[in-house]
>>> print(open('final-v5.cif').read())   # mmCIF, C-alpha atoms
data_input
loop_
_atom_site.label_atom_id
_atom_site.label_comp_id
_atom_site.auth_asym_id
_atom_site.auth_seq_id
_atom_site.Cartn_x
_atom_site.Cartn_y
_atom_site.Cartn_z
CA MET A 1 -4.29 46.69 -47.93
CA SER A 2 -4.78 42.97 -47.58
CA SER A 3 -7.79 41.74 -45.66
CA ILE A 4 -9.42 38.50 -44.50
CA ARG A 5 -13.15 38.03 -45.06
CA ILE A 6 -14.99 35.49 -42.90
CA LEU A 7 -17.26 33.39 -45.07
CA ALA A 8 -18.56 30.85 -42.60
CA ARG A 9 -17.55 29.09 -39.39
CA GLY A 10 -14.17 27.45 -40.01
CA GLN A 11 -13.80 28.92 -43.54
CA TRP A 12 -11.94 32.00 -44.68
CA ASN A 13 -10.48 33.52 -47.83
CA ALA A 14 -7.30 35.54 -48.04
CA PRO A 15 -5.25 36.87 -50.90
CA ALA A 16 -2.19 34.85 -51.69
CA GLY A 17 1.06 35.99 -50.26
CA PRO A 18 3.75 35.12 -47.71
CA VAL A 19 2.09 37.06 -44.86
CA CYS A 20 -1.20 35.26 -45.23
CA ALA A 21 0.54 31.91 -45.56
CA VAL A 22 2.21 32.48 -42.21
CA ILE A 23 -1.08 33.51 -40.63
CA ALA A 24 -2.75 30.41 -42.02
CA ALA A 25 -0.01 28.17 -40.66
CA ILE A 26 -0.26 29.72 -37.20
CA LEU A 27 -4.04 29.35 -37.13
CA TRP A 28 -3.82 25.74 -38.29
CA LEU A 29 -1.28 24.85 -35.63
CA SER A 30 -3.28 26.54 -32.89
CA LEU A 31 -6.37 24.56 -33.86
CA ALA A 32 -4.66 21.23 -34.50
CA ALA A 33 -2.23 21.08 -31.56
CA PRO A 34 -3.56 18.79 -28.81
CA ALA A 35 -3.88 20.03 -25.26
CA MET A 36 -0.79 19.14 -23.23
CA GLY A 37 -2.19 19.39 -19.74
CA ASP A 38 -1.38 15.93 -18.32
CA ALA A 39 1.10 15.47 -15.51
CA ILE A 40 2.81 12.49 -13.90
CA ALA A 41 4.71 12.17 -10.64
CA ILE A 42 7.95 10.20 -10.76
CA ASP A 43 9.19 9.41 -7.25
CA GLY A 44 6.95 12.22 -6.02
CA LYS A 45 8.29 14.86 -8.44
CA TRP A 46 5.71 16.17 -10.89
CA LEU A 47 6.39 16.45 -14.62
CA ARG A 48 3.77 18.76 -16.12
CA ASP A 49 2.49 20.10 -19.45
CA GLY A 50 2.69 16.86 -21.36
CA GLU A 51 0.56 13.98 -22.54
CA LEU A 52 0.43 10.58 -20.84
CA GLU A 53 0.35 8.32 -23.88
CA GLU A 54 0.27 4.88 -22.28
CA ILE A 55 1.69 2.44 -19.78
CA SER A 56 3.16 -0.67 -21.37
CA GLY A 57 6.08 -3.03 -20.99
CA GLY A 58 6.80 -1.83 -17.48
CA GLU A 59 7.24 1.76 -18.67
CA VAL A 60 5.31 5.03 -18.54
CA HIS A 61 5.27 6.85 -21.90
CA PHE A 62 4.98 10.61 -21.43
CA MET A 63 5.18 13.12 -24.29
CA THR A 64 6.58 16.49 -23.26
CA ASP A 65 5.45 19.84 -24.61
CA ARG A 66 8.50 19.72 -26.88
CA GLY A 67 7.24 16.62 -28.62
CA THR A 68 9.76 14.17 -27.15
CA VAL A 69 8.57 10.98 -25.51
CA GLN A 70 10.06 10.16 -22.12
CA ARG A 71 9.98 6.63 -20.74
CA HIS A 72 10.02 6.11 -16.98
CA PRO A 73 9.99 2.83 -15.00
CA LEU A 74 6.46 2.02 -13.92
CA GLY A 75 7.59 1.31 -10.37
CA ARG A 76 8.55 4.96 -9.99
CA LEU A 77 5.14 6.33 -11.00
CA THR A 78 3.50 7.83 -7.91
CA GLY A 79 0.74 10.01 -9.34
CA VAL A 80 -1.24 10.91 -12.45
CA ARG A 81 -3.28 13.93 -13.54
CA MET A 82 -5.01 13.98 -16.92
CA ASP A 83 -7.06 16.66 -18.65
CA ASP A 84 -9.57 14.08 -19.82
CA TYR A 85 -10.22 12.76 -16.30
CA ALA A 86 -10.72 15.45 -13.68
CA ALA A 87 -11.33 12.78 -11.04
CA LEU A 88 -7.66 11.77 -11.20
CA GLY A 89 -6.70 15.29 -10.14
CA GLU A 90 -9.29 15.19 -7.36
CA ALA A 91 -7.72 11.98 -6.08
CA GLU A 92 -4.26 13.56 -6.06
CA ASP A 93 -5.62 16.63 -4.25
CA ALA A 94 -7.12 14.38 -1.58
CA LEU A 95 -3.79 12.61 -1.12
CA ALA A 96 -1.92 15.92 -0.92
CA ALA A 97 -4.17 17.19 1.89
CA SER A 98 -2.91 17.27 5.47
CA PRO A 99 -3.73 14.69 6.67
CA PRO A 100 -4.35 12.74 3.45
CA ASP A 101 -8.02 11.91 2.82
CA PHE A 102 -7.72 8.32 1.66
CA ASN A 103 -11.48 7.76 1.49
CA ALA A 104 -11.93 10.75 -0.81
CA ALA A 105 -9.07 9.51 -2.98
CA VAL A 106 -10.66 6.07 -3.25
CA ASP A 107 -13.98 7.65 -4.26
CA ALA A 108 -12.31 9.85 -6.88
CA TYR A 109 -10.38 6.95 -8.40
CA GLY A 110 -13.64 5.00 -8.50
CA GLN A 111 -15.18 7.80 -10.60
CA ALA A 112 -12.21 7.83 -12.95
CA LEU A 113 -12.48 4.07 -13.29
CA GLN A 114 -16.05 4.39 -14.54
CA GLN A 115 -15.10 7.09 -17.05
CA THR A 116 -12.02 5.66 -18.74
CA GLU A 117 -12.06 3.42 -21.79
CA ARG A 118 -8.27 3.06 -21.85
CA ALA A 119 -7.38 -0.40 -20.59
CA TRP A 120 -3.87 0.54 -19.43
CA LEU A 121 -5.26 3.41 -17.35
CA GLU A 122 -7.98 1.21 -15.88
CA HIS A 123 -5.33 -1.29 -14.80
CA TRP A 124 -3.20 1.41 -13.16
CA ILE A 125 -6.18 2.83 -11.27
CA ASN A 126 -7.07 -0.58 -9.89
CA HIS A 127 -3.46 -1.11 -8.89
CA ARG A 128 -3.51 2.25 -7.13
CA LEU A 129 -6.78 1.37 -5.37
CA VAL A 130 -5.30 -1.83 -3.92
CA ASP A 131 -2.99 0.23 -1.71
CA LEU A 132 -5.19 3.25 -1.06
CA ALA A 133 -8.28 1.25 -0.10
CA VAL A 134 -6.23 -0.51 2.58
CA ARG A 135 -5.08 2.87 3.90
CA ALA A 136 -8.72 3.99 3.95
CA GLY A 137 -9.73 0.89 5.90
CA GLN A 138 -11.79 -0.35 2.93
CA PHE A 139 -10.28 -3.81 2.96
CA GLU A 140 -12.86 -5.57 0.80
CA GLU A 141 -12.56 -2.87 -1.87
CA ALA A 142 -8.77 -3.39 -1.88
CA VAL A 143 -9.27 -7.06 -2.71
CA GLU A 144 -11.99 -6.28 -5.27
CA ALA A 145 -9.65 -3.85 -7.03
CA PHE A 146 -7.02 -6.58 -7.28
CA LEU A 147 -9.59 -9.04 -8.62
CA ARG A 148 -10.45 -6.61 -11.42
CA LEU A 149 -6.93 -6.82 -12.82
CA PRO A 150 -6.68 -9.03 -15.93
CA ALA A 151 -3.91 -11.56 -16.34
CA ASP A 152 -2.29 -9.47 -19.09
CA ALA A 153 -1.92 -6.37 -16.92
CA GLU A 154 1.56 -5.13 -16.02
CA ALA A 155 3.51 -7.76 -14.06
CA LEU A 156 4.36 -5.18 -11.39
CA TYR A 157 0.70 -5.04 -10.36
CA PHE A 158 0.78 -8.66 -9.18
CA GLU A 159 3.88 -8.40 -7.00
CA ARG A 160 2.06 -7.16 -3.89
CA PRO A 161 -1.43 -8.63 -3.60
CA PRO A 162 -3.54 -7.23 -0.71
CA THR A 163 -2.70 -9.99 1.76
CA GLY A 164 -2.98 -7.59 4.69
CA ALA A 165 -6.53 -6.68 3.68
CA VAL A 166 -7.66 -10.31 3.68
CA VAL A 167 -6.52 -10.96 7.25
CA ARG A 168 -8.04 -7.73 8.61
CA VAL A 169 -11.70 -8.33 7.70
CA ASP A 170 -14.21 -10.12 9.90
CA ASP A 171 -15.20 -13.76 9.42
CA ASP A 172 -18.23 -13.03 7.22
CA ALA A 173 -16.26 -10.73 4.94
CA GLN A 174 -13.43 -13.24 4.80
CA GLN A 175 -15.85 -15.89 3.57
CA ARG A 176 -17.24 -13.52 0.93
CA LEU A 177 -13.73 -12.78 -0.25
CA ALA A 178 -12.85 -16.47 -0.32
CA ASP A 179 -15.81 -17.08 -2.64
CA ARG A 180 -14.92 -14.15 -4.88
CA ILE A 181 -11.24 -15.11 -5.07
CA GLY A 182 -12.16 -18.73 -5.80
CA ASP A 183 -14.43 -17.64 -8.65
CA ARG A 184 -11.68 -15.47 -10.12
CA LEU A 185 -9.16 -18.30 -9.85
CA GLU A 186 -11.31 -20.47 -12.10
CA GLN A 187 -10.89 -17.88 -14.87
CA VAL A 188 -7.09 -17.52 -14.65
CA ASP A 189 -4.38 -19.73 -16.13
CA ALA A 190 -0.93 -20.29 -14.65
CA GLY A 191 1.11 -17.16 -14.13
CA PRO A 192 1.80 -14.33 -11.68
CA LEU A 193 -1.87 -13.44 -11.21
CA ARG A 194 -2.83 -17.01 -10.42
CA GLU A 195 -0.01 -17.32 -7.89
CA ALA A 196 -1.16 -14.14 -6.16
CA LEU A 197 -4.78 -15.29 -6.11
CA GLU A 198 -3.81 -18.65 -4.63
CA ARG A 199 -2.00 -16.85 -1.82
CA LEU A 200 -5.03 -14.65 -1.14
CA LEU A 201 -7.36 -17.65 -1.13
CA GLU A 202 -5.10 -19.49 1.29
CA LEU A 203 -5.34 -16.59 3.72
CA ALA A 204 -9.07 -16.09 3.25
CA GLU A 205 -9.78 -19.75 4.00
CA ALA A 206 -7.34 -20.01 6.91
CA GLY A 207 -9.67 -18.72 9.62
CA PRO A 208 -8.08 -18.11 13.05
CA ALA A 209 -4.31 -18.01 12.74
CA GLU A 210 -3.19 -20.20 15.62
CA ASP A 211 -0.36 -21.70 13.57
CA ILE A 212 1.32 -18.38 12.87
CA GLY A 213 1.47 -17.67 16.59
CA SER A 214 3.16 -20.93 17.48
CA ASP A 215 6.34 -19.07 18.51
CA LEU A 216 4.44 -16.38 20.40
CA VAL A 217 5.82 -15.46 23.82
CA LEU A 218 4.11 -12.81 25.91
CA ALA A 219 5.80 -11.02 28.77
CA ALA A 220 5.17 -12.81 32.07
CA ALA A 221 3.55 -9.68 33.50
CA VAL A 222 0.67 -9.77 31.00
CA PRO A 223 -2.52 -10.70 32.89
CA SER A 224 -3.73 -14.10 31.68
CA ASP A 225 -7.39 -13.35 32.41
CA ASP A 226 -7.41 -10.18 30.31
CA GLU A 227 -9.87 -10.20 27.40
CA VAL A 228 -7.32 -9.12 24.78
CA THR A 229 -4.75 -11.59 26.08
CA GLN A 230 -7.26 -14.38 25.53
CA MET A 231 -7.84 -13.20 21.97
CA ILE A 232 -4.10 -13.36 21.30
CA ARG A 233 -3.79 -16.79 22.89
CA ASP A 234 -6.68 -18.02 20.71
CA GLY A 235 -5.06 -16.72 17.52
CA ARG A 236 -7.74 -14.05 17.03
CA PHE A 237 -5.14 -11.49 16.10
CA ARG A 238 -7.34 -9.19 14.00
CA GLU A 239 -9.83 -8.85 16.81
CA ALA A 240 -7.05 -8.41 19.37
CA ALA A 241 -5.31 -5.72 17.32
CA GLU A 242 -8.49 -3.71 16.79
CA THR A 243 -9.63 -4.04 20.39
CA ALA A 244 -6.30 -3.17 21.99
CA SER A 245 -5.47 -0.28 19.67
CA GLY A 246 -8.99 1.09 20.08
CA ARG A 247 -8.57 1.20 23.85
CA VAL A 248 -5.23 3.00 23.87
CA GLY A 249 -5.64 6.28 25.71
CA GLN A 250 -9.11 5.51 27.06
CA SER A 251 -9.78 6.41 30.66
CA GLY A 252 -9.10 3.54 33.04
CA GLU A 253 -7.28 1.47 30.43
CA PRO A 254 -3.67 0.31 30.99
CA THR A 255 -2.11 2.15 28.04
CA ALA A 256 1.25 0.37 28.09
CA LEU A 257 -0.42 -3.04 28.14
CA ARG A 258 -2.76 -2.13 25.27
CA LEU A 259 0.12 -0.82 23.17
CA TYR A 260 2.05 -4.02 23.76
CA GLN A 261 -0.93 -6.25 22.96
CA ALA A 262 -1.79 -4.30 19.82
CA GLY A 263 1.82 -4.46 18.67
CA VAL A 264 2.04 -8.20 19.20
CA ALA A 265 -1.26 -8.80 17.38
CA TYR A 266 -0.31 -6.62 14.40
CA LEU A 267 3.05 -8.38 14.27
CA GLN A 268 1.38 -11.77 14.00
CA LEU A 269 -0.95 -10.48 11.28
CA GLY A 270 2.01 -9.01 9.43
CA LYS A 271 3.84 -12.33 9.55
CA LEU A 272 0.78 -14.20 8.38
CA ALA A 273 0.16 -11.88 5.45
CA ASP A 274 3.83 -11.06 4.77
CA ASP A 275 2.65 -7.44 4.79
CA SER A 276 5.05 -4.60 5.56
CA THR A 277 2.22 -2.16 6.34
CA LEU A 278 0.99 -4.37 9.17
CA LEU A 279 4.53 -4.88 10.43
CA LYS A 280 5.07 -1.12 10.53
CA GLU A 281 1.78 -0.71 12.41
CA ALA A 282 3.12 -3.23 14.91
CA GLY A 283 6.33 -1.23 15.17
CA VAL A 284 4.44 1.97 15.99
CA HIS A 285 2.63 0.37 18.93
CA LEU A 286 5.61 -1.59 20.21
CA GLY A 287 7.87 1.45 19.88
CA ARG A 288 5.54 3.59 21.94
CA CYS A 289 5.38 0.94 24.65
CA PHE A 290 9.14 0.46 24.74
CA PHE A 291 10.25 4.09 24.57
CA GLU A 292 7.37 5.94 26.25
CA TYR A 293 6.57 3.37 28.95
CA GLY A 294 10.01 1.95 29.59
CA GLN A 295 9.40 1.56 33.33
CA THR A 296 6.42 -0.76 32.90
CA PRO A 297 6.70 -4.58 33.02
CA TYR A 298 5.68 -4.77 29.34
CA ALA A 299 8.57 -2.71 27.98
CA ALA A 300 11.03 -5.60 27.73
CA GLY A 301 8.59 -7.70 25.72
CA ALA A 302 7.85 -4.73 23.49
CA GLY A 303 11.56 -4.20 22.89
CA VAL A 304 12.10 -7.83 21.91
CA GLU A 305 9.21 -7.81 19.44
CA LEU A 306 10.13 -4.37 18.10
CA GLY A 307 13.56 -5.78 17.26
CA TYR A 308 11.84 -8.68 15.52
CA VAL A 309 9.71 -6.28 13.44
CA HIS A 310 12.87 -4.60 12.17
CA GLN A 311 14.44 -8.00 11.54
CA LEU A 312 11.48 -9.02 9.39
CA LEU A 313 11.74 -5.72 7.51
CA GLY A 314 15.41 -6.40 6.77
CA ARG A 315 16.75 -3.67 9.07
CA TYR A 316 19.28 -5.89 10.76
CA GLY A 317 21.40 -3.20 12.37
CA ILE A 318 18.40 -1.61 14.07
CA ALA A 319 17.14 -5.03 15.15
CA ASP A 320 20.49 -5.86 16.74
CA GLY A 321 20.53 -2.61 18.68
CA LEU A 322 17.00 -3.15 19.96
CA TYR A 323 17.77 -6.71 21.01
CA GLN A 324 20.72 -5.44 23.04
CA ARG A 325 18.60 -2.79 24.72
CA ALA A 326 15.85 -5.31 25.47
CA ALA A 327 18.38 -7.75 26.95
CA ALA A 328 19.26 -5.17 29.58
CA VAL A 329 15.68 -5.00 30.89
CA VAL A 330 14.37 -8.55 30.43
CA GLY A 331 15.14 -9.41 34.05
CA ARG A 332 13.96 -12.77 35.36
CA ASP A 333 11.38 -13.48 32.66
CA GLN A 334 12.96 -16.74 31.49
CA ASP A 335 10.55 -17.41 28.58
CA LEU A 336 11.13 -13.92 27.21
CA ARG A 337 14.88 -14.26 27.59
CA GLU A 338 14.85 -17.53 25.63
CA ARG A 339 12.73 -15.86 22.97
CA LEU A 340 15.24 -13.02 22.75
CA GLU A 341 18.23 -15.36 22.52
CA GLY A 342 16.54 -17.38 19.79
CA LEU A 343 15.82 -14.23 17.76
CA GLN A 344 19.40 -13.05 18.18
CA GLN A 345 20.63 -16.37 16.79
CA GLU A 346 18.25 -16.06 13.83
CA LEU A 347 19.51 -12.54 13.19
CA GLU A 348 23.14 -13.65 13.30
CA ALA A 349 22.40 -16.40 10.77
CA LEU A 350 20.65 -13.93 8.48
CA ARG A 351 23.54 -11.50 8.60
CA ASP A 352 26.07 -14.29 7.97
CA GLY A 353 23.99 -15.46 5.01
CA ASN A 354 23.99 -11.98 3.54
CA GLU A 355 27.77 -11.73 3.87
CA ASP A 356 28.23 -15.10 2.18
CA GLY A 357 25.97 -14.02 -0.66
#
>>> encode(input="final-v5.cif", output="structure tokens")
Amino acid sequence: MSSIRILARGQWNAPAGPVCAVIAAILWLSLAAPAMGDAIAIDGKWLRDGELEEISGGEVHFMTDRGTVQRHPLGRLTGVRMDDYAALGEAEDALAASPPDFNAAVDAYGQALQQTERAWLEHWINHRLVDLAVRAGQFEEAVEAFLRLPADAEALYFERPPTGAVVRVDDDAQQRLADRIGDRLEQVDAGPLREALERLLELAEAGPAEDIGSDLVLAAAVPSDDEVTQMIRDGRFREAAETASGRVGQSGEPTALRLYQAGVAYLQLGKLADDSTLLKEAGVHLGRCFFEYGQTPYAAGAGVELGYVHQLLGRYGIADGLYQRAAAVVGRDQDLRERLEGLQQELEALRDGNEDG
């Protein structure tokens, strides 16, 4: 009878023969095979039991448990879990909660950032933090995450700098960010990162945004002596948005008016920053005012600006329908009617341009 005698840890003797050779091969493979416990989400669908090898050249390299390497476009990567970094899984768990815990996700990604020595993973985490920190209301952290990206990071990471974060912080924070962005600019040569930083610095140094509101038209029914109205008139859109949205639903507050004011302020911020998240926030407030409070004197103005939000987002058919609905309730508000007609002409030109292209 053949036998195996253990001599010491990791050493063993066995008589020669085909059976023992097979046993040896199995033991060697079991010890040498790397753990394949990483997972990636592509467009929200998880691919598990593999190894995330790297991110390079705009692609995600993922080795499956069968030993084949899959390559996926980086823009479709929506999540990462890795055996070596438990914090990445904690971040994904926080995002999968109902409702998502964005602050917990930001904290978990911060832990993973401190642990990793893989440059490509560090870059992806910072890119992820740019978006999630904004969702968590940590606007300065969103900008800091972007500033940590090196110029040789993936080009995709520079396409959407956190412009919305810059315009949503208070004056002191905006000055701090302007200083930080300026310092980073001095270290960066021409290229996509420099262009993004220049845009962020422009916004951080802009101060009150009176110029972006030059085409602003408020419904005639809006009280001119109202505190939030004055903020909007003065171009203090961040303050107006936060104040109005914070008062929605409070006892004694005119809900329809606050929804309209918040929507208008977020719209102006979204235009300034060219930020779709802010524009969608505007759409939520304006939509509630228009559809839930359609009998109030602010509904027509909300409908006009809601159409404009969709126009800016490229949803021309929806914008056209909203403009038509708003036209039916504008009434005798001449300034608002002229605003509506001007937007309809802009929309027609945009649609004609698309057809020509």
>>> resolve_selection(input="final-v5.cif", expression="the PyMOL selection byres ((chain A and resi 337) around 12)", output="number ranges by chain")
A: 217-220, 300-301, 303-305, 323-324, 326-336, 338-344
>>> resolve_selection(input="final-v5.cif", expression="the PyMOL selection byres ((chain A and resi 131) around 12)", output="compact mmCIF listing (two decimals) with C-alpha atoms, in the frame of the given file")
# COMPACT_ATOMS: atom_id res chain seq x y z
CA THR A 78 3.50 7.83 -7.91
CA PHE A 102 -7.72 8.32 1.66
CA ASN A 103 -11.48 7.76 1.49
CA ALA A 105 -9.07 9.51 -2.98
CA VAL A 106 -10.66 6.07 -3.25
CA TRP A 124 -3.20 1.41 -13.16
CA ILE A 125 -6.18 2.83 -11.27
CA ASN A 126 -7.07 -0.58 -9.89
CA HIS A 127 -3.46 -1.11 -8.89
CA ARG A 128 -3.51 2.25 -7.13
CA LEU A 129 -6.78 1.37 -5.37
CA VAL A 130 -5.30 -1.83 -3.92
CA LEU A 132 -5.19 3.25 -1.06
CA ALA A 133 -8.28 1.25 -0.10
CA VAL A 134 -6.23 -0.51 2.58
CA ARG A 135 -5.08 2.87 3.90
CA ALA A 136 -8.72 3.99 3.95
CA GLY A 137 -9.73 0.89 5.90
CA GLN A 138 -11.79 -0.35 2.93
CA PHE A 139 -10.28 -3.81 2.96
CA GLU A 140 -12.86 -5.57 0.80
CA GLU A 141 -12.56 -2.87 -1.87
CA ALA A 142 -8.77 -3.39 -1.88
CA VAL A 143 -9.27 -7.06 -2.71
CA GLU A 144 -11.99 -6.28 -5.27
CA ALA A 145 -9.65 -3.85 -7.03
CA PHE A 146 -7.02 -6.58 -7.28
CA TYR A 157 0.70 -5.04 -10.36
CA ARG A 160 2.06 -7.16 -3.89
CA PRO A 161 -1.43 -8.63 -3.60
CA PRO A 162 -3.54 -7.23 -0.71
CA THR A 163 -2.70 -9.99 1.76
CA GLY A 164 -2.98 -7.59 4.69
CA ALA A 165 -6.53 -6.68 3.68
CA ASP A 275 2.65 -7.44 4.79
CA SER A 276 5.05 -4.60 5.56
CA THR A 277 2.22 -2.16 6.34
>>> resolve_selection(input="final-v5.cif", expression="the PyMOL selection byres ((chain A and resi 169-186) around 8)", output="list in words")
Phe139, Glu140, Val143, Leu147, Ala165, Val166, Val167, Arg168, Gln187, Val188, Arg194, Leu197, Glu198, Leu200, Leu201, Ala204, Glu205, Gly207 and Arg238 of chain A
>>> axis_aligned_box(input="final-v5.cif", around="range 174-187 of chain A", padding_each_side="4 Å", output="AutoDock Vina command-line options")
--center_x -13.2 --center_y -16.6 --center_z -5.0 --size_x 16.1 --size_y 15.7 --size_z 27.7
>>> atom_distance(input="final-v5.cif", atom1="CA of Ala221 in chain A", atom2="CA of Ala299 in chain A")
10.2 Å
>>> closest_residue(input="final-v5.cif", among="A:Leu113, A:Met231, A:Val264, A:Ile40", to="Val284 in chain A", atoms="all atoms listed in the file")
A:Val264
>>> atom_distance(input="final-v5.cif", atom1="CA of Leu322 in chain A", atom2="CA of Gln250 in chain A")
28.4 Å
>>> residues_around(input="final-v5.cif", residues="Asp38 in chain A", least_positions_apart="4", cutoff="8 Å", atoms="all atoms listed in the file", output="MDAnalysis selection string")
chainID A and resid 48:52 80:83
>>> atom_distance(input="final-v5.cif", atom1="CA of Pro100 in chain A", atom2="CA of Glu242 in chain A")
21.6 Å
>>> residues_around(input="final-v5.cif", residues="range 57-59 of chain A", least_positions_apart="2", cutoff="10 Å", atoms="all atoms listed in the file", output="ChimeraX atom specification")
/A:54-55,61-62,70-77,153-157
>>> closest_residue(input="final-v5.cif", among="A:Glu195, A:Glu53, A:Glu239, A:Glu122", to="Leu88 in chain A", atoms="all atoms listed in the file")
A:Glu122
>>> build_atoms(input="final-v5.cif", residues="range 211-234 of chain A", atoms="N, CA and C atoms", output="PDB file, in the coordinates of the input")
ATOM      1  N   ASP A 211      -1.655 -21.154  13.989  1.00  0.00           N
ATOM      2  CA  ASP A 211      -0.360 -21.700  13.570  1.00  0.00           C
ATOM      3  C   ASP A 211       0.702 -20.625  13.480  1.00  0.00           C
ATOM      4  N   ILE A 212       0.326 -19.421  13.028  1.00  0.00           N
ATOM      5  CA  ILE A 212       1.320 -18.380  12.870  1.00  0.00           C
ATOM      6  C   ILE A 212       1.827 -17.891  14.211  1.00  0.00           C
ATOM      7  N   GLY A 213       1.055 -18.112  15.266  1.00  0.00           N
ATOM      8  CA  GLY A 213       1.470 -17.670  16.590  1.00  0.00           C
ATOM      9  C   GLY A 213       2.127 -18.750  17.410  1.00  0.00           C
ATOM     10  N   SER A 214       2.590 -19.796  16.746  1.00  0.00           N
ATOM     11  CA  SER A 214       3.160 -20.930  17.480  1.00  0.00           C
ATOM     12  C   SER A 214       4.420 -20.546  18.248  1.00  0.00           C
ATOM     13  N   ASP A 215       5.136 -19.497  17.812  1.00  0.00           N
ATOM     14  CA  ASP A 215       6.340 -19.070  18.510  1.00  0.00           C
ATOM     15  C   ASP A 215       6.081 -17.864  19.401  1.00  0.00           C
ATOM     16  N   LEU A 216       4.812 -17.569  19.654  1.00  0.00           N
ATOM     17  CA  LEU A 216       4.440 -16.380  20.400  1.00  0.00           C
ATOM     18  C   LEU A 216       4.801 -16.522  21.871  1.00  0.00           C
ATOM     19  N   VAL A 217       5.485 -15.515  22.394  1.00  0.00           N
ATOM     20  CA  VAL A 217       5.820 -15.460  23.820  1.00  0.00           C
ATOM     21  C   VAL A 217       5.410 -14.086  24.334  1.00  0.00           C
ATOM     22  N   LEU A 218       4.511 -14.066  25.289  1.00  0.00           N
ATOM     23  CA  LEU A 218       4.110 -12.810  25.910  1.00  0.00           C
ATOM     24  C   LEU A 218       4.888 -12.602  27.204  1.00  0.00           C
ATOM     25  N   ALA A 219       5.115 -11.341  27.525  1.00  0.00           N
ATOM     26  CA  ALA A 219       5.800 -11.020  28.770  1.00  0.00           C
ATOM     27  C   ALA A 219       5.040 -11.639  29.946  1.00  0.00           C
ATOM     28  N   ALA A 220       5.784 -12.124  30.933  1.00  0.00           N
ATOM     29  CA  ALA A 220       5.170 -12.810  32.070  1.00  0.00           C
ATOM     30  C   ALA A 220       4.190 -11.915  32.819  1.00  0.00           C
ATOM     31  N   ALA A 221       4.395 -10.609  32.753  1.00  0.00           N
ATOM     32  CA  ALA A 221       3.550  -9.680  33.500  1.00  0.00           C
ATOM     33  C   ALA A 221       2.167  -9.498  32.876  1.00  0.00           C
ATOM     34  N   VAL A 222       1.969  -9.951  31.661  1.00  0.00           N
ATOM     35  CA  VAL A 222       0.670  -9.770  31.000  1.00  0.00           C
ATOM     36  C   VAL A 222      -0.387 -10.590  31.734  1.00  0.00           C
ATOM     37  N   PRO A 223      -1.485  -9.967  32.153  1.00  0.00           N
ATOM     38  CA  PRO A 223      -2.520 -10.700  32.890  1.00  0.00           C
ATOM     39  C   PRO A 223      -3.192 -11.750  32.014  1.00  0.00           C
ATOM     40  N   SER A 224      -3.204 -12.992  32.480  1.00  0.00           N
ATOM     41  CA  SER A 224      -3.730 -14.100  31.680  1.00  0.00           C
ATOM     42  C   SER A 224      -5.240 -14.045  31.534  1.00  0.00           C
ATOM     43  N   ASP A 225      -5.932 -13.399  32.470  1.00  0.00           N
ATOM     44  CA  ASP A 225      -7.390 -13.350  32.410  1.00  0.00           C
ATOM     45  C   ASP A 225      -7.907 -12.126  31.657  1.00  0.00           C
ATOM     46  N   ASP A 226      -7.003 -11.356  31.065  1.00  0.00           N
ATOM     47  CA  ASP A 226      -7.410 -10.180  30.310  1.00  0.00           C
ATOM     48  C   ASP A 226      -8.069 -10.597  29.000  1.00  0.00           C
ATOM     49  N   GLU A 227      -9.104  -9.861  28.592  1.00  0.00           N
ATOM     50  CA  GLU A 227      -9.870 -10.200  27.400  1.00  0.00           C
ATOM     51  C   GLU A 227      -9.000 -10.214  26.136  1.00  0.00           C
ATOM     52  N   VAL A 228      -8.152  -9.198  25.970  1.00  0.00           N
ATOM     53  CA  VAL A 228      -7.320  -9.120  24.780  1.00  0.00           C
ATOM     54  C   VAL A 228      -6.251 -10.213  24.799  1.00  0.00           C
ATOM     55  N   THR A 229      -5.722 -10.504  25.971  1.00  0.00           N
ATOM     56  CA  THR A 229      -4.750 -11.590  26.080  1.00  0.00           C
ATOM     57  C   THR A 229      -5.349 -12.898  25.593  1.00  0.00           C
ATOM     58  N   GLN A 230      -6.601 -13.157  25.970  1.00  0.00           N
ATOM     59  CA  GLN A 230      -7.260 -14.380  25.530  1.00  0.00           C
ATOM     60  C   GLN A 230      -7.419 -14.414  24.018  1.00  0.00           C
ATOM     61  N   MET A 231      -7.733 -13.263  23.426  1.00  0.00           N
ATOM     62  CA  MET A 231      -7.840 -13.200  21.970  1.00  0.00           C
ATOM     63  C   MET A 231      -6.515 -13.589  21.314  1.00  0.00           C
ATOM     64  N   ILE A 232      -5.423 -13.058  21.859  1.00  0.00           N
ATOM     65  CA  ILE A 232      -4.100 -13.360  21.300  1.00  0.00           C
ATOM     66  C   ILE A 232      -3.785 -14.845  21.470  1.00  0.00           C
ATOM     67  N   ARG A 233      -4.056 -15.369  22.640  1.00  0.00           N
ATOM     68  CA  ARG A 233      -3.790 -16.790  22.890  1.00  0.00           C
ATOM     69  C   ARG A 233      -4.593 -17.678  21.945  1.00  0.00           C
ATOM     70  N   ASP A 234      -5.813 -17.221  21.586  1.00  0.00           N
ATOM     71  CA  ASP A 234      -6.680 -18.020  20.710  1.00  0.00           C
ATOM     72  C   ASP A 234      -6.373 -17.821  19.233  1.00  0.00           C
TER      73      ASP A 234
END
